[in-house]
Amino acid sequence: MAEREAGIAAASAPFAPPPGLITQLTGVEGVHVAAPDQQASDLAVCAARKVLADTGAQPADIDLLLFAASSQDMIEPATSHIVAAKLGLSCPVFDVKNACNSVLNALEVAQALISAHRYRTVLITCGEVPSTAVRMRVPDAAAFTRAFPAYGFSDAGAALLVTAGPDGPDAPGVLHCDFAADSRAWQAATLRYGGSLDLREQDDEHRYFRMDGVHLRSALRSLAPRLRALLDALELSVTDFAFVGVHQVAVGDIGTLCTLTGLPEDRLVVTLPRHGNVASASLPLQLVRALETGKAHPGDLIALLGLAAGSSAGLVVARL
C-alpha cells in the first residue's frame, strides 16, 4: 500500500496523501496490480488454466464457459468469447455481470442449467482489474477523499469448475441460492466507462470509480434480514457451516456484517489485508484459502455471502 500512496503523491504533487491512512481506514495492507498489457480476460485465462490442470479436465470436457466479473475487456464482444478463444474452447459462452456478485450469480446460473440437464460441465471464469478505475492524480484533499473508496482495489483472476454429480443430501454441489436487491441504491457506486482497454486510455473524472459509502451501506444493511430469514427457512444457522465467505471491502465492514447476521468471525477467512478488494474474485479467493489452510474440507457445508453495488446481496449454500 505504501507503493500506491507513493504513486498518488508522485502523480498529484504538491498534494500527497497522509502516509498509512489507506491501511488505517480500510485494513488493506497490499494490493495486486495487473501489468499494463494484461486485460480482465488474461487474468481469467490464467486462473482457468490452473483449475483445468488441477482437475485434469480437458478443453473438450467444457460444455459452457461463463465469464463473471465486474470488469470486462470491452463493451463488445462479451469477454467470455475472448477468454474462450485464448483457452482454445469451442463451447457456448456468455457473460454474467452483477458487480461484485458476478461470480455468485454465475454459480446460480451454472447450477440451474446443470439441474435442467442443459450442460454437464460449466467453467466459470473471472478476471478483475479494478485498479484501472483508481484515480492516482488528485489535486487536493477533497479529490483524494472522493477517490478514496477505490484505493483498496486489487486485481485478480479466479475460476471454478462446476460439474453434474450424484443427487442426495450429502452429495457435493450447490444446494441452494437466494438473492435480494434494493435497486433504488444504484447511483451509490458507479463506474461510467467500459472495459479495461478503454479505462487505460481515458483520463477524465468519469473513468474513475465513485461511491457514496453511507448510501450503499444503508441499502446493504437493509438486506441483512432477508439473509437471516433464508437461513431460518433452510433450518440452518451460521454455525452449521465450516466456512463462510463474505465479500470484503474494509475490515470494519466485516465486523459490521458479522454483527448484522450473527456470523461468528471464526468461520471467516479474511483475505482483505494481504490481497485487497478483488471485487467478484473475493469469494473464490477466500474459498481457496479456506481449503489450503484446512478450515474447509471435502464434504463440508459452506456458505458464500455476496454484497454488491446496485445494490444486491446473495447467498449460495454448497457442499464441497
# chains A, B, ... in the order shown; residues from 1 in each chain; ligands from 1
call {"tool": "residues_around", "arguments": {"residues": "Pro166 in chain A", "least_positions_apart": "5", "cutoff": "12 Å", "atoms": "only C-alpha atoms", "output": "PDB file with N, CA, C and O atoms, in the first residue's frame"}}
result
ATOM      1  N   ILE A 114     -27.261 -26.910 -15.112  1.00  0.00           N
ATOM      2  CA  ILE A 114     -26.894 -28.316 -14.920  1.00  0.00           C
ATOM      3  C   ILE A 114     -28.100 -29.108 -14.421  1.00  0.00           C
ATOM      4  O   ILE A 114     -28.362 -30.226 -14.878  1.00  0.00           O
ATOM      5  N   SER A 115     -28.860 -28.526 -13.497  1.00  0.00           N
ATOM      6  CA  SER A 115     -30.047 -29.213 -12.982  1.00  0.00           C
ATOM      7  C   SER A 115     -31.087 -29.439 -14.072  1.00  0.00           C
ATOM      8  O   SER A 115     -31.839 -30.422 -14.033  1.00  0.00           O
ATOM      9  N   ARG A 120     -23.404 -30.376 -18.620  1.00  0.00           N
ATOM     10  CA  ARG A 120     -22.849 -31.202 -17.539  1.00  0.00           C
ATOM     11  C   ARG A 120     -21.654 -30.527 -16.870  1.00  0.00           C
ATOM     12  O   ARG A 120     -21.454 -30.686 -15.669  1.00  0.00           O
ATOM     13  N   ALA A 171     -24.370 -35.228  -1.157  1.00  0.00           N
ATOM     14  CA  ALA A 171     -23.608 -35.119  -2.398  1.00  0.00           C
ATOM     15  C   ALA A 171     -23.008 -33.727  -2.519  1.00  0.00           C
ATOM     16  O   ALA A 171     -23.615 -32.736  -2.106  1.00  0.00           O
ATOM     17  N   PRO A 172     -21.796 -33.603  -3.087  1.00  0.00           N
ATOM     18  CA  PRO A 172     -21.208 -32.272  -3.267  1.00  0.00           C
ATOM     19  C   PRO A 172     -21.960 -31.481  -4.333  1.00  0.00           C
ATOM     20  O   PRO A 172     -22.573 -32.045  -5.236  1.00  0.00           O
ATOM     21  N   GLY A 173     -21.898 -30.160  -4.197  1.00  0.00           N
ATOM     22  CA  GLY A 173     -22.531 -29.304  -5.190  1.00  0.00           C
ATOM     23  C   GLY A 173     -23.263 -28.142  -4.537  1.00  0.00           C
ATOM     24  O   GLY A 173     -23.302 -28.004  -3.310  1.00  0.00           O
ATOM     25  N   VAL A 174     -23.850 -27.300  -5.379  1.00  0.00           N
ATOM     26  CA  VAL A 174     -24.625 -26.161  -4.912  1.00  0.00           C
ATOM     27  C   VAL A 174     -25.984 -26.657  -4.430  1.00  0.00           C
ATOM     28  O   VAL A 174     -26.721 -27.309  -5.171  1.00  0.00           O
TER      29      VAL A 174
END
call {"tool": "select_by_dssp", "arguments": {"residues": "range 128-164 of chain A", "states": "alpha helix (DSSP H)", "output": "ChimeraX atom specification"}}
result
/A:141-147
call {"tool": "write_last_selection", "arguments": {"atoms": "all heavy atoms", "output": "tab-separated table (two decimals), in the first residue's frame"}}
result
chain	number	residue	atom	x	y	z
A	141	ALA	N	-7.00	17.49	-1.08
A	141	ALA	CA	-7.54	16.53	-0.12
A	141	ALA	C	-9.00	16.18	-0.43
A	141	ALA	O	-9.43	15.04	-0.22
A	141	ALA	CB	-7.43	17.10	1.30
A	142	ALA	N	-9.76	17.13	-0.95
A	142	ALA	CA	-11.16	16.85	-1.28
A	142	ALA	C	-11.26	15.82	-2.39
A	142	ALA	O	-12.08	14.89	-2.32
A	142	ALA	CB	-11.87	18.14	-1.69
A	143	ALA	N	-10.44	15.95	-3.41
A	143	ALA	CA	-10.44	14.98	-4.51
A	143	ALA	C	-9.95	13.63	-4.03
A	143	ALA	O	-10.46	12.58	-4.45
A	143	ALA	CB	-9.56	15.49	-5.65
A	144	PHE	N	-8.97	13.63	-3.13
A	144	PHE	CA	-8.47	12.38	-2.55
A	144	PHE	C	-9.58	11.67	-1.77
A	144	PHE	O	-9.74	10.44	-1.88
A	144	PHE	CB	-7.29	12.67	-1.64
A	144	PHE	CG	-6.77	11.49	-0.88
A	144	PHE	CD1	-6.05	10.49	-1.51
A	144	PHE	CD2	-7.01	11.37	0.49
A	144	PHE	CE1	-5.57	9.39	-0.80
A	144	PHE	CE2	-6.54	10.28	1.20
A	144	PHE	CZ	-5.81	9.29	0.54
A	145	THR	N	-10.36	12.43	-1.04
A	145	THR	CA	-11.47	11.85	-0.28
A	145	THR	C	-12.51	11.23	-1.20
A	145	THR	O	-13.02	10.13	-0.94
A	145	THR	CB	-12.12	12.93	0.60
A	145	THR	OG1	-11.15	13.45	1.51
A	145	THR	CG2	-13.29	12.35	1.39
A	146	ARG	N	-12.83	11.90	-2.32
A	146	ARG	CA	-13.80	11.36	-3.27
A	146	ARG	C	-13.27	10.09	-3.92
A	146	ARG	O	-14.03	9.16	-4.21
A	146	ARG	CB	-14.13	12.40	-4.35
A	146	ARG	CG	-14.94	13.58	-3.84
A	146	ARG	CD	-15.51	14.39	-4.99
A	146	ARG	NE	-14.45	14.95	-5.84
A	146	ARG	CZ	-13.88	16.13	-5.64
A	146	ARG	NH1	-14.24	16.87	-4.60
A	146	ARG	NH2	-12.96	16.57	-6.46
A	147	ALA	N	-11.98	10.03	-4.15
A	147	ALA	CA	-11.38	8.86	-4.81
A	147	ALA	C	-11.08	7.72	-3.85
A	147	ALA	O	-10.81	6.59	-4.28
A	147	ALA	CB	-10.09	9.27	-5.53
call {"tool": "closest_residue", "arguments": {"among": "A:Ala53, A:Ala133, A:Ala35, A:Cys177", "to": "Ser70 in chain A", "atoms": "only C-alpha atoms"}}
result
A:Ala133
call {"tool": "closest_residue", "arguments": {"among": "A:Val269, A:Ala290, A:Ala116, A:Ala68", "to": "Ala99 in chain A", "atoms": "only C-alpha atoms"}}
result
A:Ala68
call {"tool": "residues_around", "arguments": {"residues": "Gly299 in chain A", "least_positions_apart": "3", "cutoff": "12 Å", "atoms": "only C-alpha atoms", "output": "compact mmCIF listing (two decimals) with N, CA and C atoms, in the first residue's frame"}}
result
# COMPACT_ATOMS: atom_id res chain seq x y z
N PRO A 169 -28.58 -35.81 -0.18
CA PRO A 169 -28.32 -34.75 0.80
C PRO A 169 -26.85 -34.54 1.11
N ASP A 170 -26.03 -35.58 0.93
CA ASP A 170 -24.62 -35.46 1.25
C ASP A 170 -23.74 -35.34 0.01
N ALA A 171 -24.37 -35.23 -1.16
CA ALA A 171 -23.61 -35.12 -2.40
C ALA A 171 -23.01 -33.73 -2.52
N PRO A 172 -21.80 -33.60 -3.09
CA PRO A 172 -21.21 -32.27 -3.27
C PRO A 172 -21.96 -31.48 -4.33
N GLY A 173 -21.90 -30.16 -4.20
CA GLY A 173 -22.53 -29.30 -5.19
C GLY A 173 -23.26 -28.14 -4.54
N PHE A 241 -22.01 -24.10 9.19
CA PHE A 241 -21.05 -24.03 8.09
C PHE A 241 -19.62 -24.10 8.61
N ALA A 242 -18.80 -24.91 7.94
CA ALA A 242 -17.39 -24.95 8.30
C ALA A 242 -16.70 -23.65 7.93
N PHE A 243 -17.15 -23.06 6.83
CA PHE A 243 -16.55 -21.83 6.33
C PHE A 243 -17.64 -20.97 5.70
N LEU A 291 -9.56 -23.88 1.90
CA LEU A 291 -9.13 -25.25 1.60
C LEU A 291 -7.65 -25.42 1.90
N ALA A 296 -11.71 -25.60 5.64
CA ALA A 296 -12.77 -26.33 4.93
C ALA A 296 -12.18 -27.56 4.28
N ILE A 302 -20.64 -25.26 3.27
CA ILE A 302 -20.09 -23.90 3.26
C ILE A 302 -21.17 -22.93 2.76
N ALA A 318 -23.44 -24.53 -0.32
CA ALA A 318 -22.89 -25.64 -1.11
C ALA A 318 -22.20 -26.64 -0.19
N ARG A 319 -22.08 -27.86 -0.72
CA ARG A 319 -21.28 -28.88 -0.04
C ARG A 319 -20.07 -29.18 -0.91
N LEU A 320 -18.90 -29.15 -0.29
CA LEU A 320 -17.65 -29.35 -1.04
C LEU A 320 -17.47 -30.81 -1.42
